[in-house]
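Notes for the one structure printed next.
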Number of protein chains: 2
Amino acid sequence: MHSPATLPRFAVAALNRSLTAELQQKIDGKTKPPGSLGRLEVLALQLGLIQGRLAPHVVAPHVLVCAGDHGAARAGVSAYPQDVTWQMVENFLSGGAAINAFAGQAGMQLVVADAGVAHEFGPRNGLVDAKVGASGTANYLDGAAMSEAECALAMDRGAQLTRNIAATGCNVLAFGEMGIGNTASASLITHCLTGLPLAQCVGRGTGLDDAGLARKQALLAQALDAWPERPAPGGAGADDAVRVLARFGGFEIAMLAGAMLAAAEARMTLLIDGFIVTSALLVAMRIAPEILDYCVYAHCSHEAGHRLQLEWLGGMPLLDLGLRLGEGTGAALALPLLKAACAFLNDMASFESAGVSDKTSA
Amino acid sequence: MHSPATLPRFAVAALNRSLTAELQQKIDGKTKPPGSLGRLEVLALQLGLIQGRLAPHVVAPHVLVCAGDHGAARAGVSAYPQDVTWQMVENFLSGGAAINAFAGQAGMQLVVADAGVAHEFGPRNGLVDAKVGASGTANYLDGAAMSEAECALAMDRGAQLTRNIAATGCNVLAFGEMGIGNTASASLITHCLTGLPLAQCVGRGTGLDDAGLARKQALLAQALDAWPERPAPGGAGADDAVRVLARFGGFEIAMLAGAMLAAAEARMTLLIDGFIVTSALLVAMRIAPEILDYCVYAHCSHEAGHRLQLEWLGGMPLLDLGLRLGEGTGAALALPLLKAACAFLNDMASFESAGVSDKTSA
């Protein structure tokens with residue numbers, strides 16, 4: 001059974017909203033009709049509150065990509081072979097993946113962590129060895145993907161990764177993942193923690209055809225049945241959330257959950273990517289609900305369950321571009337909007353300073 | 001009556017699609033599941049076709065903001081006084097407006113043109129004097145906003161502005177506008193050129209309240225009635241489109257239409273902003289329907305008529321952030337996505353080059 005004592009502890013403070021009125025006044029005083037910058041105004045307010053100042057800035061933004069393998073991948077929940085996980089990690093290291101292109105474009109530093117890829121990379125420049133299991137998780141069709149001690153270790157290492165990144169001065173941290181089979185894990189976690197019907201939580205992942213999708217649906221229903229002690233869907237508290245995470249994995253999702261909690265603890269802005277990253281957030285928010293105040297939802301993925309997760313969270317995504325790649329790509333694409341929100345708040349003139357007539361003077 | 005001979009001529013070539021298969025193959029060969037970059041893949045293909053090469057780039061991107069005043073503004077179609085037009089032009093010149101912040105952020109050069117602001121700026125650094133009328137347009141409640149000769153002149157000057165910008169090597173040109181009262185012009189143009197009911201084309205602009213909106217609706221219905229010779233809604237050809245443009249203005253909209261046509265002629269990518277810029281495009285496409293192949297729709301504005309324009313055009317906006325500011329702000333915010341589309345196409349490894357297993361090898 002789960003022992004809460006093994007879990008790392010996080011002290012996530014509720015957002016201090018004392019600057020709300022002053023920030024809103026500053027936003028409304030800019031030379032534009034009130035509200036005319038739409039979502040960017042909401043974002044500027046949020047960034048100001050998170051950073052506790054009237055002039056928020058994006059400083060040293062990072063993308064943390066955690067990679068891990070899934071025992072269930074061998075049962076056929078993905079369109080791609082498991083080897084693609086380590087091959088894509090190699091691709092990250094040599095700069096050839098989409099996240100390299102987008103992070104570079106956005107001026108973000110990329111950190112790649114091996115949470116438990118079934119491959120021996122050896123010591124490598126640019127790869128953080130945070131391996132919790134050398135051959136990936138166990139197959140949840142047969143038992144727990146990982147022990148609760150492994151789950152706590154993965155979370156703890158994720159938190160440590162964030163603390164190392166925070167030491168660079170970073171105040172916006174984006175999260176990404178790589179792991180063949182991890183949309184399946186995310187589907188199971190999402191079902192258990194939100195209570196949304198399993199079938200709605202399961203999608204095509206990297207591109208399953210209809211037969212592949214039906215097979216994935218059946219396997220995941222079987223994975224639930226194989227765990228009769230599972231908590232009632234949607235009703236889980238923190239301990240149950242960690243039990244769900246340990247049961248269905250993967251290591252990269254657990255590591256992300258820990259990294260997110262540490263990021264909120266450090267009062268960073270968390271830039272949330274797609275379906276799998278959001279499943280890690282579903283776990284993290286059971287441990288510290290205050291984390292949601294620090295989250296910016298970068299985009300809505302094409303993977304069907306992500307929209308449902310966002311609706312369940314009440315999160316409004318910035319982008320909706322039909323992306324379904326993972327790696328933190330949607331988060332990197334959204335970063336310029338965070339910079340733009342800071343730019344208008346910091347650089348625009350006010351009606352008064354620019355000598356522009358306000359609406360009320362009409 | 002309209003004399004087509006006065007109109008500047010534009011030779012917009014239909015998009016050469018001969019590279020389609022080769023571009024698509026390059027896109028599909030990148031280390032990602034096919035289609036997983038969603039809209040960015042469609043955008044990369046479009047940019048490749050427009051530029052006629054497998055490695056498109058965004059070079060020297062510009063935002064052209066045309067400003068003009070509207071005789072009808074004095075009748076009360078806006079929440080702001082007419083002086084705000086020139087005051088905001090001053091704000092552009094001193095760097096304090098939203099478009100300054102966003103263009104700077106996106107690495108775009110800003111060009112501000114006075115198409116007919118009711119204010120004497122004198123010779124000014126950073127302001128292109130392209131004034132067609134010294135006191136703005138006439139009030140379309142009483143007659144035509146401008147003569148057809150003025151309309152042709154405005155379009156011609158717009159084309160010249162684009163040609164000057166093209167000489168810098170620019171291959172992506174975004175369009176923006178400033179003009180108190182110009183959502184009203186755009187509503188009338190949109191109604192006449194698309195056939196959408198006038199009431200659906202009229203919105204709150206800079207922020208009218210319910211009474212102001214009702215007043216604007218009534219004034220614009222009156223403006224239509226005051227022109228019994230107007231073409232049947234939605235049925236206008238090129239000559240009729242120019243008649244509609246001359247009747248309802250403004251100078252900045254006419255200048256933008258000419259600038260857009262010259263941009264498509266120069267095979268630039270046109271980055272289309274919001275409701276008013278799209279109304280200029282509705283005119284331009286009657287003159288050269290091929291222009292649409294060169295257009296990227298940056299965002300969907302909160303101004304109600306813009307979504308209808310986009311649906312009518314079959315255009316898919318990249319962003320949907322509830323913006324309603326104009327100035328080209330939505331276009332500047334979307335530029336990073338064009339750069340990202342080029343970046344993945346140019347910088348990502350292929351399955352082959354990276355040694356990553358493809359789906360088909362599973």
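In the structure tokens, chains take letters A, B, ... by order of appearance, with residues numbered from 1 within each chain and ligands from 1 in the order shown.
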
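Within segment 102-228 of chain A, DSSP run on the backbone puts these residues in strand (DSSP E or B): Gln109, Leu110, Val111, Val112, Ala113, Asp114, Ala115, Gly116, Leu127, Val128, Asp129, Val172, Leu173, Ala174, Phe175, Gly176, Glu177 and Met178 of chain A.
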
What residues in chain A lie within 7 Å of chain B, counting only C-alpha atoms, written as an MDAnalysis selection string? chainID A and resid 31:33 36:39 79:81 84 87:88 91 96:98 101:102 105 206:207 319 321:325 340 343:344 347:349 354 356:357 359 362

Report chain A as a short mmCIF file (atom, residue, chain, number, x, y, z; two decimals) with C-alpha atoms, in the first residue's frame in the frame of chain B, after least-squares superposition over all C-alpha atoms paired in order.
data_model
loop_
_atom_site.label_atom_id
_atom_site.label_comp_id
_atom_site.auth_asym_id
_atom_site.auth_seq_id
_atom_site.Cartn_x
_atom_site.Cartn_y
_atom_site.Cartn_z
CA MET A 1 -19.71 56.62 -63.15
CA HIS A 2 -16.70 54.42 -62.64
CA SER A 3 -14.03 54.35 -65.28
CA PRO A 4 -11.92 51.18 -65.00
CA ALA A 5 -9.14 52.91 -66.90
CA THR A 6 -8.23 54.95 -63.81
CA LEU A 7 -7.50 51.86 -61.75
CA PRO A 8 -3.91 50.74 -61.31
CA ARG A 9 -3.29 47.36 -62.92
CA PHE A 10 -1.86 44.39 -61.11
CA ALA A 11 -0.49 41.17 -62.52
CA VAL A 12 -1.00 38.63 -59.76
CA ALA A 13 0.12 35.19 -60.91
CA ALA A 14 -1.74 32.09 -59.83
CA LEU A 15 0.37 30.16 -57.35
CA ASN A 16 2.75 27.78 -59.06
CA ARG A 17 2.02 24.44 -57.42
CA SER A 18 4.64 22.39 -59.19
CA LEU A 19 6.66 21.91 -55.98
CA THR A 20 3.68 20.59 -54.00
CA ALA A 21 4.64 16.91 -54.06
CA GLU A 22 8.30 17.56 -53.34
CA LEU A 23 7.50 19.91 -50.46
CA GLN A 24 4.97 17.48 -48.99
CA GLN A 25 7.52 14.68 -49.19
CA LYS A 26 10.05 16.83 -47.38
CA ILE A 27 7.49 17.68 -44.67
CA ASP A 28 6.48 14.04 -44.26
CA GLY A 29 10.09 12.89 -44.08
CA LYS A 30 10.81 14.95 -40.96
CA THR A 31 11.28 13.09 -37.66
CA LYS A 32 7.67 13.35 -36.47
CA PRO A 33 4.48 11.44 -37.17
CA PRO A 34 3.00 12.64 -40.49
CA GLY A 35 0.66 15.57 -39.95
CA SER A 36 1.60 15.97 -36.29
CA LEU A 37 2.59 19.61 -36.70
CA GLY A 38 -0.94 20.38 -37.82
CA ARG A 39 -1.45 23.88 -39.19
CA LEU A 40 2.29 24.52 -39.29
CA GLU A 41 2.65 21.84 -41.95
CA VAL A 42 0.01 23.51 -44.11
CA LEU A 43 1.76 26.83 -43.56
CA ALA A 44 5.17 25.44 -44.47
CA LEU A 45 3.75 24.07 -47.71
CA GLN A 46 2.11 27.40 -48.54
CA LEU A 47 5.29 29.37 -47.81
CA GLY A 48 7.31 26.97 -49.93
CA LEU A 49 4.91 27.32 -52.85
CA ILE A 50 4.75 31.11 -52.59
CA GLN A 51 8.54 31.37 -52.52
CA GLY A 52 8.92 28.61 -55.10
CA ARG A 53 11.53 26.71 -53.12
CA LEU A 54 11.93 23.79 -50.77
CA ALA A 55 13.58 25.96 -48.11
CA PRO A 56 11.39 29.04 -47.59
CA HIS A 57 12.58 31.74 -45.21
CA VAL A 58 11.03 34.80 -43.64
CA VAL A 59 13.22 37.67 -44.83
CA ALA A 60 13.01 41.29 -43.64
CA PRO A 61 9.36 41.08 -42.53
CA HIS A 62 7.51 44.41 -42.42
CA VAL A 63 4.23 45.72 -41.05
CA LEU A 64 2.64 48.43 -43.15
CA VAL A 65 0.18 50.49 -41.11
CA CYS A 66 -1.98 52.91 -43.11
CA ALA A 67 -3.89 55.60 -41.25
CA GLY A 68 -6.83 57.70 -42.36
CA ASP A 69 -9.79 59.66 -41.06
CA HIS A 70 -13.44 59.13 -41.81
CA GLY A 71 -16.05 61.80 -42.36
CA ALA A 72 -18.63 59.48 -40.85
CA ALA A 73 -16.71 59.44 -37.55
CA ARG A 74 -18.22 62.83 -36.80
CA ALA A 75 -21.69 61.27 -37.09
CA GLY A 76 -20.89 59.07 -34.09
CA VAL A 77 -19.94 55.62 -35.36
CA SER A 78 -17.06 55.24 -32.86
CA ALA A 79 -16.55 55.29 -29.12
CA TYR A 80 -13.51 57.55 -29.54
CA PRO A 81 -13.11 61.11 -30.88
CA GLN A 82 -11.59 61.53 -34.34
CA ASP A 83 -8.46 63.19 -32.92
CA VAL A 84 -7.38 59.80 -31.66
CA THR A 85 -6.34 58.89 -35.21
CA TRP A 86 -3.56 61.48 -35.41
CA GLN A 87 -2.70 61.05 -31.74
CA MET A 88 -2.18 57.36 -32.32
CA VAL A 89 -0.05 58.07 -35.39
CA GLU A 90 2.12 60.23 -33.11
CA ASN A 91 2.17 57.30 -30.69
CA PHE A 92 3.39 54.98 -33.50
CA LEU A 93 6.13 57.48 -34.33
CA SER A 94 7.30 57.72 -30.75
CA GLY A 95 7.22 53.93 -30.29
CA GLY A 96 4.50 53.75 -27.64
CA ALA A 97 1.73 51.76 -29.33
CA ALA A 98 0.98 48.06 -29.18
CA ILE A 99 2.20 47.53 -32.74
CA ASN A 100 5.57 49.04 -31.80
CA ALA A 101 5.89 46.57 -28.94
CA PHE A 102 4.81 43.55 -31.00
CA ALA A 103 6.68 44.43 -34.19
CA GLY A 104 9.83 44.99 -32.15
CA GLN A 105 9.35 41.66 -30.41
CA ALA A 106 8.82 39.84 -33.70
CA GLY A 107 11.73 41.53 -35.45
CA MET A 108 9.49 43.32 -37.94
CA GLN A 109 10.14 46.71 -39.45
CA LEU A 110 7.19 49.08 -39.03
CA VAL A 111 6.19 51.46 -41.84
CA VAL A 112 3.53 54.04 -40.98
CA ALA A 113 1.77 55.80 -43.85
CA ASP A 114 -0.59 58.74 -43.64
CA ALA A 115 -3.27 57.86 -46.17
CA GLY A 116 -5.45 60.81 -45.23
CA VAL A 117 -5.43 61.74 -41.56
CA ALA A 118 -7.23 65.00 -40.76
CA HIS A 119 -4.10 66.53 -39.28
CA GLU A 120 -1.01 68.28 -40.57
CA PHE A 121 2.00 66.30 -39.35
CA GLY A 122 4.59 68.20 -41.38
CA PRO A 123 7.67 66.33 -42.60
CA ARG A 124 8.40 63.68 -40.01
CA ASN A 125 10.91 60.94 -39.58
CA GLY A 126 9.24 57.58 -39.74
CA LEU A 127 6.02 58.79 -41.33
CA VAL A 128 5.37 58.29 -45.02
CA ASP A 129 3.27 61.13 -46.33
CA ALA A 130 0.88 59.44 -48.74
CA LYS A 131 -2.05 61.71 -47.95
CA VAL A 132 -4.84 61.50 -50.48
CA GLY A 133 -7.15 63.93 -48.69
CA ALA A 134 -6.02 66.48 -46.13
CA SER A 135 -9.16 66.29 -43.99
CA GLY A 136 -10.01 62.60 -44.27
CA THR A 137 -12.85 61.18 -46.34
CA ALA A 138 -16.25 62.78 -46.82
CA ASN A 139 -19.20 61.47 -44.84
CA TYR A 140 -20.81 58.58 -46.71
CA LEU A 141 -24.14 59.45 -45.13
CA ASP A 142 -24.20 62.39 -47.54
CA GLY A 143 -22.41 61.03 -50.61
CA ALA A 144 -19.27 59.18 -51.65
CA ALA A 145 -16.44 59.06 -49.10
CA MET A 146 -14.00 59.74 -51.94
CA SER A 147 -14.00 60.15 -55.70
CA GLU A 148 -13.01 57.23 -57.83
CA ALA A 149 -9.90 59.13 -58.86
CA GLU A 150 -8.95 59.51 -55.19
CA CYS A 151 -9.64 55.81 -54.67
CA ALA A 152 -7.37 54.88 -57.58
CA LEU A 153 -4.71 57.26 -56.26
CA ALA A 154 -4.84 55.72 -52.79
CA MET A 155 -4.50 52.23 -54.27
CA ASP A 156 -1.65 53.32 -56.47
CA ARG A 157 0.19 54.87 -53.53
CA GLY A 158 -0.37 51.71 -51.52
CA ALA A 159 1.19 49.71 -54.33
CA GLN A 160 4.14 52.10 -54.36
CA LEU A 161 4.60 51.66 -50.60
CA THR A 162 4.79 47.91 -51.10
CA ARG A 163 7.30 48.27 -53.93
CA ASN A 164 9.52 50.40 -51.69
CA ILE A 165 9.30 47.76 -48.97
CA ALA A 166 9.98 44.97 -51.45
CA ALA A 167 13.21 46.72 -52.38
CA THR A 168 14.54 45.88 -48.88
CA GLY A 169 14.28 42.18 -49.69
CA CYS A 170 11.13 41.76 -47.59
CA ASN A 171 9.16 38.63 -48.45
CA VAL A 172 6.49 38.72 -45.71
CA LEU A 173 4.36 41.83 -45.47
CA ALA A 174 1.81 42.33 -42.71
CA PHE A 175 -0.94 44.90 -42.98
CA GLY A 176 -2.41 47.09 -40.29
CA GLU A 177 -4.52 50.23 -40.01
CA MET A 178 -5.53 53.09 -37.79
CA GLY A 179 -8.59 55.22 -38.32
CA ILE A 180 -11.34 56.17 -35.93
CA GLY A 181 -14.56 55.00 -37.55
CA ASN A 182 -12.99 52.44 -39.85
CA THR A 183 -14.80 49.37 -38.51
CA ALA A 184 -17.93 51.12 -39.83
CA SER A 185 -16.42 51.40 -43.31
CA ALA A 186 -15.31 47.79 -43.11
CA SER A 187 -18.83 46.70 -42.13
CA LEU A 188 -20.37 48.41 -45.14
CA ILE A 189 -17.73 47.05 -47.52
CA THR A 190 -18.12 43.55 -46.10
CA HIS A 191 -21.89 43.64 -46.46
CA CYS A 192 -21.72 44.88 -50.04
CA LEU A 193 -19.00 42.47 -51.20
CA THR A 194 -20.04 39.29 -49.38
CA GLY A 195 -23.80 39.72 -49.15
CA LEU A 196 -23.72 38.94 -45.43
CA PRO A 197 -26.56 40.79 -43.67
CA LEU A 198 -25.45 44.26 -42.58
CA ALA A 199 -26.44 43.65 -38.95
CA GLN A 200 -24.03 40.70 -38.75
CA CYS A 201 -21.23 42.81 -40.19
CA VAL A 202 -21.52 45.56 -37.60
CA GLY A 203 -19.72 45.23 -34.26
CA ARG A 204 -18.64 47.25 -31.26
CA GLY A 205 -15.38 48.47 -32.82
CA THR A 206 -13.22 50.05 -30.14
CA GLY A 207 -15.86 49.29 -27.52
CA LEU A 208 -19.33 50.74 -28.13
CA ASP A 209 -21.94 49.99 -25.51
CA ASP A 210 -25.36 48.61 -26.47
CA ALA A 211 -26.81 52.04 -27.22
CA GLY A 212 -23.74 52.99 -29.25
CA LEU A 213 -23.96 49.75 -31.21
CA ALA A 214 -27.65 50.33 -31.98
CA ARG A 215 -26.81 53.85 -33.17
CA LYS A 216 -24.00 52.53 -35.37
CA GLN A 217 -26.32 49.88 -36.84
CA ALA A 218 -28.94 52.53 -37.66
CA LEU A 219 -26.40 54.94 -39.17
CA LEU A 220 -24.93 52.26 -41.40
CA ALA A 221 -28.36 51.12 -42.60
CA GLN A 222 -29.01 54.77 -43.40
CA ALA A 223 -25.67 54.96 -45.25
CA LEU A 224 -26.78 52.08 -47.49
CA ASP A 225 -30.17 53.67 -48.12
CA ALA A 226 -28.45 56.93 -49.04
CA TRP A 227 -26.86 55.11 -52.00
CA PRO A 228 -29.67 53.64 -54.08
CA GLU A 229 -27.28 52.93 -56.99
CA ARG A 230 -25.28 50.46 -54.88
CA PRO A 231 -24.53 47.06 -56.41
CA ALA A 232 -26.58 44.08 -55.24
CA PRO A 233 -25.01 42.66 -52.06
CA GLY A 234 -22.43 39.98 -52.76
CA GLY A 235 -22.66 40.27 -56.50
CA ALA A 236 -19.99 42.87 -57.18
CA GLY A 237 -17.25 42.43 -59.78
CA ALA A 238 -13.99 44.39 -59.77
CA ASP A 239 -15.52 47.66 -60.94
CA ASP A 240 -18.35 47.45 -58.45
CA ALA A 241 -15.91 46.60 -55.66
CA VAL A 242 -14.01 49.79 -56.36
CA ARG A 243 -17.29 51.74 -56.42
CA VAL A 244 -18.13 50.31 -52.98
CA LEU A 245 -14.65 51.17 -51.72
CA ALA A 246 -14.91 54.75 -52.99
CA ARG A 247 -18.38 55.16 -51.53
CA PHE A 248 -17.59 53.95 -48.04
CA GLY A 249 -13.82 54.55 -47.78
CA GLY A 250 -11.54 55.06 -46.07
CA PHE A 251 -8.35 56.17 -47.70
CA GLU A 252 -6.37 53.74 -45.53
CA ILE A 253 -8.51 50.81 -46.70
CA ALA A 254 -8.02 51.74 -50.35
CA MET A 255 -4.29 52.14 -49.78
CA LEU A 256 -4.14 48.72 -48.13
CA ALA A 257 -6.00 47.12 -51.04
CA GLY A 258 -3.41 48.52 -53.45
CA ALA A 259 -0.55 47.53 -51.18
CA MET A 260 -1.88 43.98 -50.95
CA LEU A 261 -2.24 43.61 -54.70
CA ALA A 262 1.31 44.80 -55.24
CA ALA A 263 2.53 42.42 -52.54
CA ALA A 264 0.90 39.44 -54.23
CA GLU A 265 2.26 40.65 -57.54
CA ALA A 266 5.74 40.61 -55.95
CA ARG A 267 5.05 37.06 -54.65
CA MET A 268 5.32 38.10 -51.04
CA THR A 269 3.42 36.33 -48.30
CA LEU A 270 0.59 38.60 -47.14
CA LEU A 271 -0.05 38.46 -43.41
CA ILE A 272 -3.66 39.53 -42.93
CA ASP A 273 -4.65 41.13 -39.65
CA GLY A 274 -8.23 41.79 -38.56
CA PHE A 275 -11.63 43.02 -39.70
CA ILE A 276 -10.59 46.20 -41.49
CA VAL A 277 -7.57 44.71 -43.24
CA THR A 278 -9.75 41.82 -44.37
CA SER A 279 -12.28 44.26 -45.81
CA ALA A 280 -9.45 45.67 -47.95
CA LEU A 281 -8.70 42.10 -49.04
CA LEU A 282 -12.34 41.62 -50.05
CA VAL A 283 -11.87 44.50 -52.49
CA ALA A 284 -8.46 43.30 -53.68
CA MET A 285 -9.68 39.78 -54.41
CA ARG A 286 -12.34 41.18 -56.77
CA ILE A 287 -9.53 42.77 -58.74
CA ALA A 288 -7.23 39.72 -58.64
CA PRO A 289 -8.75 36.56 -57.11
CA GLU A 290 -5.32 34.89 -57.19
CA ILE A 291 -4.29 37.11 -54.28
CA LEU A 292 -5.87 34.68 -51.83
CA ASP A 293 -3.18 32.08 -52.49
CA TYR A 294 -0.63 34.46 -50.99
CA CYS A 295 -2.60 35.24 -47.82
CA VAL A 296 -1.99 33.92 -44.33
CA TYR A 297 -4.77 34.81 -41.90
CA ALA A 298 -2.98 35.83 -38.74
CA HIS A 299 -5.84 35.75 -36.29
CA CYS A 300 -9.57 35.88 -35.73
CA SER A 301 -10.59 39.16 -34.17
CA HIS A 302 -13.13 39.62 -31.43
CA GLU A 303 -14.92 42.07 -33.77
CA ALA A 304 -17.89 39.96 -34.76
CA GLY A 305 -17.74 40.47 -38.51
CA HIS A 306 -14.19 39.19 -38.85
CA ARG A 307 -15.09 35.57 -38.16
CA LEU A 308 -17.79 35.83 -40.83
CA GLN A 309 -15.33 37.31 -43.32
CA LEU A 310 -12.91 34.46 -42.64
CA GLU A 311 -15.63 31.84 -43.03
CA TRP A 312 -16.74 33.48 -46.26
CA LEU A 313 -13.16 33.43 -47.53
CA GLY A 314 -12.57 29.89 -46.27
CA GLY A 315 -9.57 31.28 -44.38
CA MET A 316 -8.26 29.54 -41.27
CA PRO A 317 -6.77 32.00 -38.77
CA LEU A 318 -3.60 31.02 -36.91
CA LEU A 319 -4.48 32.76 -33.64
CA ASP A 320 -7.75 33.32 -31.82
CA LEU A 321 -6.93 35.51 -28.85
CA GLY A 322 -9.90 37.85 -28.64
CA LEU A 323 -7.88 40.76 -30.04
CA ARG A 324 -9.74 43.79 -31.36
CA LEU A 325 -7.10 46.48 -31.57
CA GLY A 326 -6.06 46.66 -35.20
CA GLU A 327 -2.74 48.35 -36.05
CA GLY A 328 -1.55 45.00 -37.45
CA THR A 329 -1.10 43.68 -33.92
CA GLY A 330 -2.57 40.25 -34.62
CA ALA A 331 -0.36 39.91 -37.68
CA ALA A 332 2.79 40.76 -35.73
CA LEU A 333 1.84 38.23 -33.05
CA ALA A 334 1.48 35.52 -35.69
CA LEU A 335 4.85 36.11 -37.37
CA PRO A 336 6.74 33.72 -35.04
CA LEU A 337 4.52 30.91 -36.34
CA LEU A 338 5.64 31.62 -39.90
CA LYS A 339 9.24 31.52 -38.74
CA ALA A 340 8.54 28.27 -36.90
CA ALA A 341 7.04 26.73 -40.03
CA CYS A 342 10.22 27.58 -41.94
CA ALA A 343 12.39 26.40 -39.05
CA PHE A 344 10.94 22.91 -38.90
CA LEU A 345 11.08 22.55 -42.66
CA ASN A 346 14.68 23.74 -42.87
CA ASP A 347 16.26 22.57 -39.63
CA MET A 348 14.66 19.26 -38.64
CA ALA A 349 16.33 15.97 -39.45
CA SER A 350 14.62 13.39 -41.62
CA PHE A 351 13.86 9.85 -40.44
CA GLU A 352 16.63 8.72 -42.71
CA SER A 353 19.29 11.26 -41.70
CA ALA A 354 18.58 10.84 -37.97
CA GLY A 355 18.34 7.06 -38.02
CA VAL A 356 14.86 7.11 -36.50
CA SER A 357 12.52 4.21 -37.28
CA ASP A 358 9.52 5.23 -39.31
CA LYS A 359 6.00 4.09 -38.56
CA THR A 360 6.06 1.77 -41.55
CA SER A 361 9.01 -0.13 -40.09
CA ALA A 362 6.99 -0.99 -36.97
#

Practice item. Give the alpha helix (DSSP H) residues of segment 137-321 of chain B, as assigned by DSSP on the backbone, as a PyMOL selection string. Key: chain B and resi 148-166+182-194+198-201+210-225+238-248+251-265+275-287+304-313
